[in-house]
Amino acid sequence: MSPSIVVLATTLLAHAGAPVRAPATPPLGRPDAIVDLATPAGAALVGATWRYHDAELVTIDGRAPGPDLKPSGARLRTRDVAPHAEVAGFDDARWPAIDLAASPGALPPLEGRRGTGRVSFAWYRVKVTVPPRFAELDATGATIALETVLDDYAEVWVDGQLPIALGQPGGNVVAGFGAPNRVILTRDARPGQTFEVAIFAMNGPVSASPKNFIWVKSATLDVYRRPAVGVPDEGASIERRSPALDALVPRGARVEKLADGFLFTEGPVWHPDGYLLFSDPNANVIYRWTPDGSLSVFRTKSGYRALDVGAYGQPGSNGLALDPQGRLTIDEHGNRRVTRVEKNGVLTVLADRYDERRLNSPNDLVYRSDGALYFTDPPFGLPQFFDDPRKELPYSGVYCVTNGQVKLVAKELSGPNGLAFSPDERYLYVDNWDLARKVILRYEVSPDGSLHDPFVFADLTAVRGEQAFDGLKVDERGDVYAAGPGGLLVFSPRGEHLGTIRLSEQPANFAWGDADRRTLYVTARTGLYRVRLSVAGAGVRP
């Protein structure tokens, strides 16, 4: 990330005159079809039968928190809910069915008051099956959202899972009295696809036991036509300086824009569970994007939370990586540290100081296959960069973390930024954000993690403009990809510039993605892009 871009972004925000909002969670707008699950016709369309059962609290044995923060401590008595009807495959055949065609009173059957009043709990269960069509709308590829409104609270389970996406509208857990709970069942529907829904209902407020009862105000399926996940980037082009580029970037390659409206996108990493994480350091957020077009906030306050956050152009996270165990590792600009998110959610600080002095602002990072972590540490996350009075180290280093020890392994570059290993891990490439020295260095790597014999792999200092090198990756053949002057530059293992992938925005960083790692996901200023390649990426695979 360049200091000039930080200044520009900060200036634009200061003069915008209105708050900048992060992209909303799709789908947006009016649905193309609505299935009312409270009516006989709507329920019949998707083969739905509603069933109901009271729930209660029971006393069981439990354990207090132990040293591992899990229930491994002293024995105690606690509470649980019975039955546990949220699990997939739960047998509810003996539960009474709600006859939607019956009208014994003034209320539709699903709106009948249930429960025991006061502090009470209940389960509703229903299965829905995607039909071939929703009236005039072809169901194939559609997005289907289940929206329920219960009095008073509800948790919505789908196929035994409680879908949680931070920042989604309404939510699928308690969101307030009678709040709409909206859960996306699928963004790529297929006729015959079945969803098992369990709704745990609660009377409330729990702390002031009311005299009312539990009931369903509404339950609908909102159906949207097949979404366009990506659109062609009309400003993109591919410069082919060598025929050798054809073996990497096919002639028919097309750059797609997947999302936009961000402040500054950075640090993408593909998760093996099938989604992309990327940072917006200016917005202090990590986003989660899935191939069906779903976008949500994965982590807020991703790099800093303090009173002086307004002084920072980029307080949030920058580089992201997964270690060999699949744990997310984060470069936190404002906090000036590298952290790892453990499987139980605990945050472990891997590096925040060297030689008893605070780091500058860790920028990018990469793991070696044995778990050794390398990261760059320029001062671009500090409010005043090189001249910031908070700066404690006299250089911008490249560091290696092994066995809990932080070692300085290089300090030749003024603005070390992106870094990547060669496929055999004999070399580490590190590029430089410095308009006076636009270079990529190739270091030889020793078994103990140290670097030596830096070699100038590429030098674009003579190229004019306010863009130096940023993100860096290597493919399985050893070709080097760098976000640099003019776009995303591709070099052969010998350093020959094969060509440049140009986007409508200057790329900052990128990551190999999809199951075969042949899709390059690119973070470029305000947008997220992708381009399909013919070769897979190198690097650690969790």
# chains A, B, ... in the order shown; residues from 1 in each chain; ligands from 1
>>> residues_around(residues="Leu460 of chain A", least_positions_apart="6", cutoff="10 Å", atoms="only C-alpha atoms", output="compact mmCIF listing (two decimals) with C-alpha atoms, in the first residue's frame")
# COMPACT_ATOMS: atom_id res chain seq x y z
CA LEU A 435 9.06 5.66 -6.37
CA ALA A 436 12.84 6.17 -6.42
CA ARG A 437 13.56 2.42 -6.51
CA LYS A 438 10.84 0.28 -8.10
CA VAL A 439 12.42 -3.14 -7.72
CA ILE A 440 11.69 -6.76 -6.89
CA ALA A 468 5.63 1.37 -7.42
CA PHE A 469 5.31 -2.32 -6.48
CA GLY A 484 3.08 -2.56 -10.12
CA PRO A 485 3.36 0.28 -12.65
>>> residues_around(residues="segment 491-499 of chain A", least_positions_apart="3", cutoff="6 Å", atoms="only C-alpha atoms", output="PyMOL selection string")
chain A and resi 239-242+245+457+478-480
>>> residues_around(residues="segment 528-535 of chain A", least_positions_apart="2", cutoff="9 Å", atoms="only C-alpha atoms", output="number ranges by chain")
A: 230, 233, 246-250, 253-260, 262, 265, 475-477, 503, 510, 517-526, 537
>>> select_by_dssp(residues="segment 204-384 of chain A", states="strand (DSSP E)", output="CSV table (one decimal) with N, CA, C and O atoms, in the first residue's frame")
chain,number,residue,atom,x,y,z
A,215,TRP,N,-46.1,-16.4,18.5
A,215,TRP,CA,-46.9,-16.6,17.2
A,215,TRP,C,-46.1,-16.1,16.0
A,215,TRP,O,-45.1,-15.3,16.2
A,216,VAL,N,-46.4,-16.6,14.9
A,216,VAL,CA,-45.7,-16.3,13.6
A,216,VAL,C,-46.5,-15.2,12.9
A,216,VAL,O,-47.6,-15.4,12.5
A,217,LYS,N,-45.9,-14.0,12.8
A,217,LYS,CA,-46.5,-12.9,12.1
A,217,LYS,C,-46.5,-13.1,10.6
A,217,LYS,O,-47.4,-12.8,9.9
A,218,SER,N,-45.3,-13.5,10.1
A,218,SER,CA,-45.2,-13.8,8.7
A,218,SER,C,-44.1,-14.8,8.4
A,218,SER,O,-43.1,-14.8,9.2
A,219,ALA,N,-44.2,-15.5,7.3
A,219,ALA,CA,-43.2,-16.4,6.9
A,219,ALA,C,-43.2,-16.5,5.4
A,219,ALA,O,-44.2,-17.0,4.8
A,220,THR,N,-42.2,-16.0,4.7
A,220,THR,CA,-42.2,-16.0,3.2
A,220,THR,C,-40.9,-16.4,2.7
A,220,THR,O,-39.8,-16.4,3.3
A,221,LEU,N,-40.9,-16.9,1.4
A,221,LEU,CA,-39.7,-17.1,0.6
A,221,LEU,C,-39.6,-16.0,-0.4
A,221,LEU,O,-40.6,-15.8,-1.2
A,222,ASP,N,-38.6,-15.2,-0.3
A,222,ASP,CA,-38.4,-14.2,-1.3
A,222,ASP,C,-37.4,-14.7,-2.4
A,222,ASP,O,-36.3,-15.1,-2.1
A,223,VAL,N,-37.9,-14.7,-3.6
A,223,VAL,CA,-37.1,-15.3,-4.7
A,223,VAL,C,-36.6,-14.3,-5.7
A,223,VAL,O,-37.4,-13.4,-6.1
A,224,TYR,N,-35.4,-14.4,-6.0
A,224,TYR,CA,-34.7,-13.4,-7.0
A,224,TYR,C,-34.2,-14.2,-8.2
A,224,TYR,O,-33.6,-15.3,-8.0
A,231,VAL,N,-19.5,-8.9,-13.7
A,231,VAL,CA,-19.7,-8.2,-14.9
A,231,VAL,C,-18.4,-7.9,-15.6
A,231,VAL,O,-17.4,-7.7,-14.9
A,232,PRO,N,-18.3,-7.9,-16.9
A,232,PRO,CA,-17.0,-7.6,-17.6
A,232,PRO,C,-16.5,-6.3,-17.2
A,232,PRO,O,-17.2,-5.3,-17.0
A,237,SER,N,-7.6,-4.7,-20.1
A,237,SER,CA,-7.0,-5.2,-21.3
A,237,SER,C,-5.8,-6.0,-20.9
A,237,SER,O,-5.3,-6.0,-19.7
A,238,ILE,N,-5.2,-6.8,-21.8
A,238,ILE,CA,-4.1,-7.6,-21.5
A,238,ILE,C,-3.0,-7.3,-22.6
A,238,ILE,O,-3.2,-7.5,-23.8
A,239,GLU,N,-1.9,-6.8,-22.1
A,239,GLU,CA,-0.7,-6.5,-22.9
A,239,GLU,C,0.1,-7.8,-23.0
A,239,GLU,O,0.6,-8.3,-22.0
A,240,ARG,N,0.4,-8.3,-24.2
A,240,ARG,CA,1.2,-9.5,-24.4
A,240,ARG,C,2.5,-9.1,-25.0
A,240,ARG,O,2.6,-8.9,-26.2
A,255,VAL,N,-11.5,-10.3,-17.6
A,255,VAL,CA,-11.5,-9.7,-16.3
A,255,VAL,C,-12.9,-9.3,-15.9
A,255,VAL,O,-13.6,-8.7,-16.7
A,256,GLU,N,-13.3,-9.8,-14.7
A,256,GLU,CA,-14.7,-9.5,-14.2
A,256,GLU,C,-14.6,-8.7,-13.0
A,256,GLU,O,-13.7,-8.9,-12.1
A,257,LYS,N,-15.5,-7.8,-12.9
A,257,LYS,CA,-15.7,-7.0,-11.6
A,257,LYS,C,-16.7,-7.7,-10.8
A,257,LYS,O,-17.8,-8.0,-11.2
A,258,LEU,N,-16.4,-8.0,-9.5
A,258,LEU,CA,-17.3,-8.8,-8.6
A,258,LEU,C,-18.0,-7.9,-7.6
A,258,LEU,O,-19.1,-8.3,-7.2
A,259,ALA,N,-17.4,-6.9,-7.2
A,259,ALA,CA,-18.0,-6.0,-6.2
A,259,ALA,C,-17.3,-4.7,-6.2
A,259,ALA,O,-16.1,-4.6,-6.6
A,260,ASP,N,-17.9,-3.6,-5.8
A,260,ASP,CA,-17.3,-2.3,-5.7
A,260,ASP,C,-17.9,-1.5,-4.6
A,260,ASP,O,-18.7,-2.0,-3.8
A,266,GLU,N,-7.5,-4.7,-0.2
A,266,GLU,CA,-6.1,-5.2,0.0
A,266,GLU,C,-6.2,-6.6,0.6
A,266,GLU,O,-7.2,-7.1,1.0
A,267,GLY,N,-5.0,-7.2,0.6
A,267,GLY,CA,-4.7,-8.5,1.4
A,267,GLY,C,-5.7,-9.6,1.2
A,267,GLY,O,-6.1,-10.3,2.1
A,268,PRO,N,-6.0,-10.0,-0.1
A,268,PRO,CA,-7.0,-11.2,-0.2
A,268,PRO,C,-6.3,-12.5,0.1
A,268,PRO,O,-5.1,-12.7,-0.1
A,269,VAL,N,-7.2,-13.4,0.6
A,269,VAL,CA,-6.7,-14.8,0.8
A,269,VAL,C,-7.9,-15.7,0.5
A,269,VAL,O,-9.0,-15.4,1.0
A,270,TRP,N,-7.7,-16.8,-0.2
A,270,TRP,CA,-8.8,-17.8,-0.4
A,270,TRP,C,-8.8,-18.9,0.7
A,270,TRP,O,-7.8,-19.5,1.0
A,271,HIS,N,-10.0,-19.1,1.2
A,271,HIS,CA,-10.2,-20.1,2.2
A,271,HIS,C,-10.6,-21.4,1.6
A,271,HIS,O,-11.4,-21.4,0.7
A,275,TYR,N,-14.4,-19.6,0.1
A,275,TYR,CA,-14.7,-18.1,0.1
A,275,TYR,C,-13.4,-17.3,0.1
A,275,TYR,O,-12.4,-17.8,0.5
A,276,LEU,N,-13.6,-16.1,-0.2
A,276,LEU,CA,-12.5,-15.1,-0.2
A,276,LEU,C,-12.6,-14.1,0.9
A,276,LEU,O,-13.7,-13.6,1.1
A,277,LEU,N,-11.5,-13.9,1.6
A,277,LEU,CA,-11.4,-12.9,2.6
A,277,LEU,C,-10.5,-11.8,2.1
A,277,LEU,O,-9.5,-12.1,1.5
A,278,PHE,N,-10.9,-10.5,2.3
A,278,PHE,CA,-10.0,-9.5,1.9
A,278,PHE,C,-10.2,-8.3,2.9
A,278,PHE,O,-11.2,-8.1,3.5
A,279,SER,N,-9.2,-7.4,2.9
A,279,SER,CA,-9.2,-6.3,3.8
A,279,SER,C,-9.6,-5.0,3.1
A,279,SER,O,-9.4,-4.9,1.9
A,280,ASP,N,-10.2,-4.1,3.9
A,280,ASP,CA,-10.3,-2.7,3.5
A,280,ASP,C,-9.7,-1.9,4.7
A,280,ASP,O,-10.3,-1.6,5.7
A,285,VAL,N,-11.9,-3.0,8.2
A,285,VAL,CA,-12.9,-4.1,8.0
A,285,VAL,C,-12.2,-5.2,7.2
A,285,VAL,O,-11.4,-5.0,6.3
A,286,ILE,N,-12.6,-6.5,7.5
A,286,ILE,CA,-12.3,-7.6,6.7
A,286,ILE,C,-13.6,-8.1,6.1
A,286,ILE,O,-14.6,-8.3,6.8
A,287,TYR,N,-13.7,-8.2,4.8
A,287,TYR,CA,-14.9,-8.7,4.1
A,287,TYR,C,-14.8,-10.2,3.7
A,287,TYR,O,-13.7,-10.7,3.6
A,288,ARG,N,-15.9,-10.8,3.5
A,288,ARG,CA,-16.0,-12.2,3.1
A,288,ARG,C,-16.9,-12.2,1.8
A,288,ARG,O,-18.0,-11.8,1.8
A,289,TRP,N,-16.3,-12.8,0.7
A,289,TRP,CA,-17.0,-12.9,-0.5
A,289,TRP,C,-17.1,-14.4,-0.9
A,289,TRP,O,-16.1,-15.1,-0.8
A,295,LEU,N,-21.7,-11.1,-0.2
A,295,LEU,CA,-20.7,-10.3,0.4
A,295,LEU,C,-21.2,-9.9,1.9
A,295,LEU,O,-22.3,-9.5,2.1
A,296,SER,N,-20.3,-10.1,2.8
A,296,SER,CA,-20.6,-9.8,4.2
A,296,SER,C,-19.4,-9.3,4.9
A,296,SER,O,-18.3,-9.5,4.5
A,297,VAL,N,-19.6,-8.7,6.1
A,297,VAL,CA,-18.5,-8.3,6.9
A,297,VAL,C,-18.0,-9.4,7.8
A,297,VAL,O,-18.8,-10.0,8.5
A,298,PHE,N,-16.8,-9.8,7.6
A,298,PHE,CA,-16.2,-10.9,8.4
A,298,PHE,C,-15.7,-10.5,9.7
A,298,PHE,O,-15.8,-11.2,10.7
A,299,ARG,N,-15.0,-9.3,9.8
A,299,ARG,CA,-14.4,-8.9,11.0
A,299,ARG,C,-14.4,-7.3,11.0
A,299,ARG,O,-13.9,-6.7,10.1
A,300,THR,N,-15.0,-6.7,12.0
A,300,THR,CA,-14.9,-5.3,12.2
A,300,THR,C,-13.8,-4.9,13.1
A,300,THR,O,-13.2,-5.7,13.7
A,317,SER,N,-6.8,-3.8,9.0
A,317,SER,CA,-5.9,-4.9,8.6
A,317,SER,C,-5.5,-4.7,7.1
A,317,SER,O,-6.2,-4.0,6.4
A,318,ASN,N,-4.3,-5.2,6.8
A,318,ASN,CA,-3.8,-5.2,5.5
A,318,ASN,C,-3.7,-6.7,5.0
A,318,ASN,O,-4.7,-7.3,4.6
A,319,GLY,N,-2.5,-7.2,5.0
A,319,GLY,CA,-2.3,-8.5,4.5
A,319,GLY,C,-3.0,-9.6,5.3
A,319,GLY,O,-3.0,-9.5,6.6
A,320,LEU,N,-3.5,-10.7,4.7
A,320,LEU,CA,-4.1,-11.8,5.3
A,320,LEU,C,-3.4,-13.1,4.7
A,320,LEU,O,-3.1,-13.1,3.6
A,321,ALA,N,-3.3,-14.1,5.6
A,321,ALA,CA,-2.8,-15.4,5.1
A,321,ALA,C,-3.3,-16.5,6.0
A,321,ALA,O,-3.7,-16.2,7.2
A,322,LEU,N,-3.3,-17.7,5.5
A,322,LEU,CA,-3.7,-18.9,6.3
A,322,LEU,C,-2.4,-19.7,6.5
A,322,LEU,O,-1.6,-19.9,5.6
A,328,LEU,N,-6.4,-18.1,10.3
A,328,LEU,CA,-6.2,-16.8,9.7
A,328,LEU,C,-5.2,-16.0,10.4
A,328,LEU,O,-5.2,-15.8,11.6
A,329,THR,N,-4.2,-15.4,9.7
A,329,THR,CA,-3.2,-14.5,10.2
A,329,THR,C,-3.4,-13.2,9.6
A,329,THR,O,-3.6,-13.0,8.4
A,330,ILE,N,-3.3,-12.1,10.4
A,330,ILE,CA,-3.7,-10.8,10.1
A,330,ILE,C,-2.5,-9.8,10.3
A,330,ILE,O,-2.0,-9.8,11.4
A,331,ASP,N,-2.2,-8.9,9.4
A,331,ASP,CA,-1.4,-7.8,9.6
A,331,ASP,C,-2.3,-6.6,10.0
A,331,ASP,O,-3.1,-6.2,9.2
A,332,GLU,N,-2.1,-6.2,11.3
A,332,GLU,CA,-2.9,-5.1,11.8
A,332,GLU,C,-2.2,-3.8,11.8
A,332,GLU,O,-1.2,-3.6,12.5
A,337,ARG,N,1.0,-4.8,14.6
A,337,ARG,CA,1.3,-6.2,15.0
A,337,ARG,C,0.8,-7.2,14.0
A,337,ARG,O,-0.1,-6.9,13.1
A,338,VAL,N,1.2,-8.5,14.2
A,338,VAL,CA,0.7,-9.6,13.4
A,338,VAL,C,0.0,-10.5,14.4
A,338,VAL,O,0.6,-10.9,15.4
A,339,THR,N,-1.2,-10.9,14.1
A,339,THR,CA,-2.0,-11.8,15.0
A,339,THR,C,-2.5,-13.0,14.2
A,339,THR,O,-2.6,-13.0,13.0
A,340,ARG,N,-2.9,-14.0,15.0
A,340,ARG,CA,-3.5,-15.2,14.4
A,340,ARG,C,-4.8,-15.5,15.2
A,340,ARG,O,-4.8,-15.5,16.4
A,341,VAL,N,-5.8,-15.9,14.4
A,341,VAL,CA,-7.1,-16.2,15.0
A,341,VAL,C,-7.1,-17.7,15.2
A,341,VAL,O,-7.1,-18.5,14.3
A,347,LEU,N,-7.4,-14.6,20.0
A,347,LEU,CA,-6.4,-13.9,19.1
A,347,LEU,C,-5.0,-14.0,19.7
A,347,LEU,O,-4.8,-13.6,20.9
A,348,THR,N,-4.1,-14.6,19.0
A,348,THR,CA,-2.7,-14.8,19.4
A,348,THR,C,-1.8,-13.8,18.8
A,348,THR,O,-1.8,-13.6,17.5
A,349,VAL,N,-1.0,-13.0,19.5
A,349,VAL,CA,-0.1,-12.0,18.9
A,349,VAL,C,1.2,-12.8,18.6
A,349,VAL,O,1.9,-13.3,19.4
A,350,LEU,N,1.5,-12.8,17.3
A,350,LEU,CA,2.7,-13.5,16.8
A,350,LEU,C,3.9,-12.6,16.8
A,350,LEU,O,5.0,-13.0,17.0
A,351,ALA,N,3.7,-11.3,16.5
A,351,ALA,CA,4.8,-10.3,16.5
A,351,ALA,C,4.2,-8.9,16.7
A,351,ALA,O,3.3,-8.5,16.0
A,353,ARG,N,6.8,-6.5,18.3
A,353,ARG,CA,8.0,-5.8,18.6
A,353,ARG,C,9.3,-6.5,18.1
A,353,ARG,O,9.2,-7.7,17.9
A,354,TYR,N,10.3,-5.7,17.8
A,354,TYR,CA,11.6,-6.3,17.5
A,354,TYR,C,12.7,-5.5,18.2
A,354,TYR,O,12.6,-4.2,18.2
A,357,ARG,N,11.4,-2.7,20.5
A,357,ARG,CA,10.8,-1.6,19.9
A,357,ARG,C,9.6,-2.0,19.1
A,357,ARG,O,9.6,-3.1,18.5
A,358,ARG,N,8.5,-1.2,19.0
A,358,ARG,CA,7.3,-1.5,18.3
A,358,ARG,C,7.6,-1.6,16.8
A,358,ARG,O,8.4,-0.8,16.3
A,365,LEU,N,2.3,-10.7,4.2
A,365,LEU,CA,2.8,-11.8,4.9
A,365,LEU,C,2.7,-13.1,4.1
A,365,LEU,O,1.8,-13.2,3.2
A,366,VAL,N,3.5,-14.1,4.3
A,366,VAL,CA,3.5,-15.3,3.6
A,366,VAL,C,4.0,-16.4,4.5
A,366,VAL,O,5.0,-16.2,5.3
A,367,TYR,N,3.4,-17.6,4.5
A,367,TYR,CA,3.9,-18.8,5.2
A,367,TYR,C,4.8,-19.7,4.4
A,367,TYR,O,4.5,-19.9,3.2
A,373,LEU,N,6.7,-17.9,9.4
A,373,LEU,CA,6.0,-16.8,8.9
A,373,LEU,C,6.9,-15.7,8.5
A,373,LEU,O,7.7,-15.3,9.3
A,374,TYR,N,6.8,-15.1,7.3
A,374,TYR,CA,7.5,-13.9,6.9
A,374,TYR,C,6.6,-12.8,6.7
A,374,TYR,O,5.5,-13.0,6.1
A,375,PHE,N,7.0,-11.6,7.1
A,375,PHE,CA,6.2,-10.4,6.9
A,375,PHE,C,7.0,-9.2,6.7
A,375,PHE,O,8.2,-9.1,7.1
A,376,THR,N,6.5,-8.2,5.9
A,376,THR,CA,7.1,-6.9,5.7
A,376,THR,C,6.6,-5.9,6.6
A,376,THR,O,5.4,-5.9,7.1
A,377,ASP,N,7.4,-4.9,6.9
A,377,ASP,CA,7.0,-3.9,7.9
A,377,ASP,C,7.4,-2.5,7.6
A,377,ASP,O,8.2,-1.8,8.2
>>> residues_around(residues="Ala483 of chain A", least_positions_apart="5", cutoff="7 Å", atoms="only C-alpha atoms", output="short mmCIF file (atom, residue, chain, number, x, y, z; two decimals) with all heavy atoms, in the first residue's frame")
data_model
loop_
_atom_site.label_atom_id
_atom_site.label_comp_id
_atom_site.auth_asym_id
_atom_site.auth_seq_id
_atom_site.Cartn_x
_atom_site.Cartn_y
_atom_site.Cartn_z
N PHE A 469 5.79 -0.95 -6.61
CA PHE A 469 5.31 -2.32 -6.48
C PHE A 469 4.51 -2.50 -5.20
O PHE A 469 4.81 -1.91 -4.16
CB PHE A 469 6.49 -3.29 -6.47
CG PHE A 469 7.06 -3.55 -7.84
CD1 PHE A 469 8.32 -3.09 -8.19
CD2 PHE A 469 6.32 -4.25 -8.78
CE1 PHE A 469 8.84 -3.34 -9.44
CE2 PHE A 469 6.84 -4.50 -10.05
CZ PHE A 469 8.10 -4.05 -10.38
N ASP A 470 3.49 -3.38 -5.27
CA ASP A 470 2.62 -3.66 -4.12
C ASP A 470 2.54 -5.17 -3.92
O ASP A 470 3.51 -5.79 -3.56
CB ASP A 470 1.25 -3.02 -4.37
CG ASP A 470 0.51 -2.71 -3.07
OD1 ASP A 470 0.72 -3.43 -2.09
OD2 ASP A 470 -0.30 -1.76 -3.06
N GLY A 471 1.37 -5.79 -4.15
CA GLY A 471 1.20 -7.21 -3.91
C GLY A 471 2.05 -8.07 -4.84
O GLY A 471 2.40 -7.66 -5.96
N LEU A 472 2.36 -9.29 -4.39
CA LEU A 472 3.27 -10.17 -5.12
C LEU A 472 2.86 -11.63 -4.91
O LEU A 472 2.54 -12.03 -3.79
CB LEU A 472 4.69 -9.96 -4.62
CG LEU A 472 5.85 -10.63 -5.35
CD1 LEU A 472 6.04 -9.99 -6.73
CD2 LEU A 472 7.13 -10.48 -4.54
N LEU A 488 -1.10 -5.41 -13.38
CA LEU A 488 -0.60 -6.65 -12.79
C LEU A 488 0.41 -7.24 -13.76
O LEU A 488 0.05 -7.78 -14.80
CB LEU A 488 -1.77 -7.60 -12.54
CG LEU A 488 -1.60 -8.69 -11.50
CD1 LEU A 488 -2.95 -9.25 -11.09
CD2 LEU A 488 -0.70 -9.80 -12.00
N LEU A 489 1.70 -7.09 -13.41
CA LEU A 489 2.77 -7.50 -14.30
C LEU A 489 3.12 -8.97 -14.08
O LEU A 489 3.13 -9.45 -12.95
CB LEU A 489 4.02 -6.64 -14.07
CG LEU A 489 3.87 -5.15 -14.42
CD1 LEU A 489 3.33 -4.36 -13.24
CD2 LEU A 489 5.21 -4.57 -14.85
N PRO A 507 -4.39 -2.35 -9.56
CA PRO A 507 -4.44 -3.42 -8.56
C PRO A 507 -3.50 -3.15 -7.40
O PRO A 507 -2.42 -2.58 -7.57
CB PRO A 507 -4.02 -4.66 -9.34
CG PRO A 507 -3.23 -4.14 -10.50
CD PRO A 507 -3.83 -2.81 -10.84
N ALA A 508 -3.93 -3.57 -6.21
CA ALA A 508 -3.10 -3.45 -5.02
C ALA A 508 -2.54 -4.81 -4.62
O ALA A 508 -1.38 -4.92 -4.23
CB ALA A 508 -3.89 -2.84 -3.86
N ASN A 509 -3.38 -5.85 -4.70
CA ASN A 509 -2.94 -7.18 -4.28
C ASN A 509 -3.84 -8.22 -4.93
O ASN A 509 -4.85 -7.87 -5.57
CB ASN A 509 -2.97 -7.30 -2.75
CG ASN A 509 -1.87 -8.20 -2.23
OD1 ASN A 509 -1.46 -9.14 -2.90
ND2 ASN A 509 -1.41 -7.93 -1.02
#
>>> residues_around(residues="segment 115-125 of chain A", least_positions_apart="3", cutoff="6 Å", atoms="only C-alpha atoms", output="number ranges by chain")
A: 50-55, 197-203, 206, 209-214
>>> select_by_dssp(residues="segment 37-282 of chain A", states="alpha helix (DSSP H)", output="PyMOL selection string")
chain A and resi 40-45
>>> closest_residue(among="A:Leu307, A:Val463, A:Leu408, A:Ala102", to="Tyr395 of chain A", atoms="only C-alpha atoms")
A:Leu408
>>> closest_residue(among="A:Thr500, A:Thr186, A:Ser396, A:Ser369", to="Gly449 of chain A", atoms="only C-alpha atoms")
A:Ser369
>>> closest_residue(among="A:Arg79, A:His452, A:His333, A:Arg426", to="Thr59 of chain A", atoms="only C-alpha atoms")
A:Arg79
>>> atom_distance(atom1="atom CA of Pro191 of chain A", atom2="atom CA of Ala135 of chain A")
13.5 Å
>>> residues_around(residues="Leu57 of chain A", least_positions_apart="3", cutoff="7 Å", atoms="only C-alpha atoms", output="ChimeraX atom specification")
/A:79-82
>>> closest_atom_pairs(of="segment 400-434 of chain A", to="segment 380-392 of chain A", cutoff="12 Å", atoms="only C-alpha atoms", output="tab-separated table")
residue	atom	partner	partner_atom	distance
A:Ser414	CA	A:Phe386	CA	9.6
A:Gly415	CA	A:Phe380	CA	8.3
A:Pro416	CA	A:Phe380	CA	10.2
A:Asn417	CA	A:Phe380	CA	9.7
A:Trp433	CA	A:Phe380	CA	9.7
A:Asp434	CA	A:Phe380	CA	11.2
>>> write_last_selection(atoms="N, CA and C atoms", output="compact mmCIF listing (two decimals), in the first residue's frame")
# COMPACT_ATOMS: atom_id res chain seq x y z
N SER A 414 13.57 0.29 1.38
CA SER A 414 12.95 1.35 2.17
C SER A 414 11.47 1.11 2.40
N GLY A 415 10.81 0.43 1.44
CA GLY A 415 9.37 0.16 1.56
C GLY A 415 9.01 -1.25 1.18
N PRO A 416 9.58 -2.27 1.86
CA PRO A 416 9.24 -3.65 1.50
C PRO A 416 7.73 -3.87 1.60
N ASN A 417 7.19 -4.53 0.61
CA ASN A 417 5.72 -4.63 0.54
C ASN A 417 5.29 -6.07 0.32
N TRP A 433 7.89 -0.72 -2.37
CA TRP A 433 7.13 0.48 -2.70
C TRP A 433 8.03 1.68 -2.41
N ASP A 434 8.65 2.17 -3.48
CA ASP A 434 9.51 3.34 -3.40
C ASP A 434 9.60 3.89 -4.81
>>> atom_distance(atom1="atom CA of Asp159 of chain A", atom2="atom CA of Phe195 of chain A")
6.2 Å
